[in-house]
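J.: Dropping in query.tsv, which is TSV, C-alpha atoms:
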```tsv
chain	number	residue	atom	x	y	z
S	1	MET	CA	-17.86	32.12	39.22
S	2	LYS	CA	-16.12	35.24	37.93
S	3	ILE	CA	-16.81	38.35	35.89
S	4	GLY	CA	-17.05	37.47	32.21
S	5	ASP	CA	-18.25	33.89	32.64
S	6	ILE	CA	-21.00	32.81	30.26
S	7	VAL	CA	-23.82	31.16	32.21
S	8	ILE	CA	-27.29	29.72	31.68
S	9	SER	CA	-30.21	30.30	34.04
S	10	THR	CA	-31.52	27.03	35.50
S	11	TYR	CA	-34.37	28.35	37.64
S	12	GLY	CA	-37.13	30.93	37.32
S	13	HIS	CA	-39.06	32.47	34.46
S	14	ASP	CA	-35.81	33.06	32.57
S	15	MET	CA	-34.78	29.40	32.66
S	16	GLY	CA	-32.60	28.56	29.66
S	17	GLU	CA	-31.50	32.16	29.02
S	18	TRP	CA	-27.80	32.84	28.45
S	19	TYR	CA	-26.08	35.65	30.36
S	20	ILE	CA	-22.67	37.14	31.06
S	21	VAL	CA	-21.64	37.60	34.70
S	22	GLU	CA	-21.27	41.33	35.28
S	23	GLN	CA	-20.55	41.26	39.03
S	24	VAL	CA	-20.12	38.68	41.80
S	25	LEU	CA	-21.33	39.40	45.33
S	26	ASN	CA	-21.15	36.50	47.82
S	27	GLU	CA	-23.81	33.94	46.80
S	28	TYR	CA	-25.30	36.31	44.20
S	29	VAL	CA	-24.24	37.26	40.70
S	30	PHE	CA	-25.42	40.11	38.52
S	31	LEU	CA	-26.17	38.99	34.98
S	32	VAL	CA	-26.57	40.84	31.68
S	33	ASN	CA	-27.67	39.73	28.22
S	34	GLY	CA	-27.96	43.05	26.39
S	35	LYS	CA	-31.71	42.62	25.76
S	36	SER	CA	-34.07	42.02	28.68
S	37	LYS	CA	-31.21	42.64	31.11
S	38	PRO	CA	-29.08	45.48	29.76
S	39	ILE	CA	-25.77	46.56	31.26
S	40	ASP	CA	-27.43	49.37	33.25
S	41	LYS	CA	-30.07	47.03	34.80
S	42	PRO	CA	-28.44	43.66	35.52
S	43	LYS	CA	-30.38	40.70	36.92
S	44	LYS	CA	-29.51	39.63	40.47
S	45	LYS	CA	-29.56	35.85	40.78
S	46	LYS	CA	-28.30	33.25	43.24
S	47	VAL	CA	-25.27	31.28	42.08
S	48	LYS	CA	-27.10	28.00	42.73
S	49	HIS	CA	-29.69	28.99	40.09
S	50	ILE	CA	-27.25	29.26	37.20
S	51	LEU	CA	-25.19	26.76	35.24
S	52	ALA	CA	-21.65	27.68	34.28
S	53	THR	CA	-20.59	26.94	30.72
S	54	ASN	CA	-16.98	26.44	29.73
S	55	PHE	CA	-17.05	29.79	27.96
S	56	PHE	CA	-15.47	33.06	29.09
S	57	ALA	CA	-15.93	36.49	27.47
S	58	GLU	CA	-12.42	37.83	28.00
S	59	ASP	CA	-12.89	41.14	26.14
S	60	ILE	CA	-16.03	42.03	28.09
S	61	ALA	CA	-14.49	40.89	31.38
S	62	ASN	CA	-11.47	43.13	30.84
S	63	LYS	CA	-13.72	46.11	30.11
S	64	LEU	CA	-15.92	45.47	33.17
S	65	ILE	CA	-12.93	45.03	35.48
S	66	GLY	CA	-11.28	48.14	34.00
S	67	LYS	CA	-14.51	50.15	34.48
S	68	GLN	CA	-14.71	50.81	30.73
S	69	SER	CA	-18.06	51.11	29.01
S	70	VAL	CA	-19.61	48.00	27.52
S	71	GLN	CA	-22.35	48.28	24.90
S	72	ASN	CA	-25.45	46.08	24.98
S	73	ALA	CA	-24.90	45.20	21.31
S	74	GLU	CA	-21.45	43.90	22.20
S	75	ILE	CA	-22.96	41.69	24.93
S	76	ARG	CA	-25.61	40.32	22.55
S	77	LYS	CA	-23.02	39.59	19.87
S	78	THR	CA	-20.76	37.78	22.35
S	79	ILE	CA	-23.58	35.64	23.74
S	80	LYS	CA	-24.73	34.77	20.20
S	81	PHE	CA	-21.18	33.72	19.27
S	82	PHE	CA	-20.85	31.40	22.28
S	83	LYS	CA	-24.34	29.94	21.82
S	84	GLU	CA	-23.34	28.95	18.28
S	85	GLN	CA	-20.22	27.22	19.66
S	86	ASN	CA	-22.37	25.08	21.94
```
If you convert what's in this file into structure tokens, what do you get?

T.:
Amino acid sequence: MKIGDIVISTYGHDMGEWYIVEQVLNEYVFLVNGKSKPIDKPKKKKVKHILATNFFAEDIANKLIGKQSVQNAEIRKTIKFFKEQN
């Protein structure tokens, strides 16, 4: 699991929701989707409760790693694009 990975929640009330990994911390990841979990309030979730897709948001990952600002609209647009590819 790495920053920028596109994942799907497999457990909890948000099961089935798509997210982008914003941060990785041991067995936890911080997830954002630009709506219910904006960039300034990411969701903390255990790695075992998410499913990795084969998708990677390179542009957003580069911004997050470079400490550049990422807009919620950009996150929503990226997730929508990858959901349509699925």

J.: Which one is closest to S:Gly12: S:Asn86, S:Thr53, S:Gln68, S:Lys45? Count all atoms listed in the file.

T.: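 The shortest atom-to-atom distance to S:Gly12 comes from S:Lys45.
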
J.: What is the atom CA of S:Ser9-atom CA of S:Lys44 distance in Å, reported with one decimal?

T.: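 The value is 11.4 Å.
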
J.: Write out as a list in words the residues lying within 12 Å of S:Lys48, counting all atoms listed in the file and excluding same-chain residues fewer than 6 positions away.

T.: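 Final neighbour list, sorted by chain and number: Met1, Val7, Ile8, Ser9, Thr10, Tyr11, Gly12, Asn26, Glu27, Tyr28 and Val29 of chain S.
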
J.: Would you compute the distance between atom CA of S:Asn33 and atom CA of S:Asn72? Give it in Å to one decimal.

T.: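 Interatomic distance here is 7.5 Å.
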
J.: Can you work out which one of S:Ile20, S:Ser36, S:Met15, S:Val47 has the shortest atom-to-atom distance to S:Lys80, counting only C-alpha atoms?

T.: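 Nearest candidate to S:Lys80 out of S:Ile20, S:Ser36, S:Met15, S:Val47: S:Ile20.
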
J.: Mind pulling up the distance from atom CA of S:Leu25 to atom CA of S:Phe81?

T.: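 Computing the Euclidean distance for atom CA of S:Phe81 and atom CA of S:Leu25 yields 26.7 Å.
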
J.: Using only C-alpha atoms, can you tell me which of S:Lys35, S:Asp14, S:Tyr19, S:Gln85 comes closest to S:Ala52?

T.: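 Checking each of S:Lys35, S:Asp14, S:Tyr19, S:Gln85 against S:Ala52, counting only C-alpha atoms, the winner is S:Tyr19.
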
J.: Just checking: using only C-alpha atoms, which residue out of S:Ala73, S:Ile39, S:Ile50, S:Ala61 ends up closest to S:Lys2?

T.: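 For S:Lys2, the nearest of the given residues is S:Ala61.
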
J.: Select, from S:Asp59, S:Glu84, S:Asp40, S:Glu22, the residue with the minimum atom-to-atom distance to S:Ile3, counting all atoms listed in the file.

T.: S:Glu22

J.: Counting all atoms listed in the file, figure out which residue out of S:Asn54, S:Ile75, S:Phe82, S:Gly4 gets nearest to S:Gln23.

T.: S:Gly4

J.: First collect every listed atom of stretch 44-62 of chain S; then fit an axis-aligned box around them, widen it by 8 Å on each side, and give centre and edge lengths in Å to one decimal, as AutoDock Vina command-line options.

T.:
```
--center_x -20.6 --center_y 34.8 --center_z 34.7 --size_x 34.2 --size_y 32.7 --size_z 33.1
```
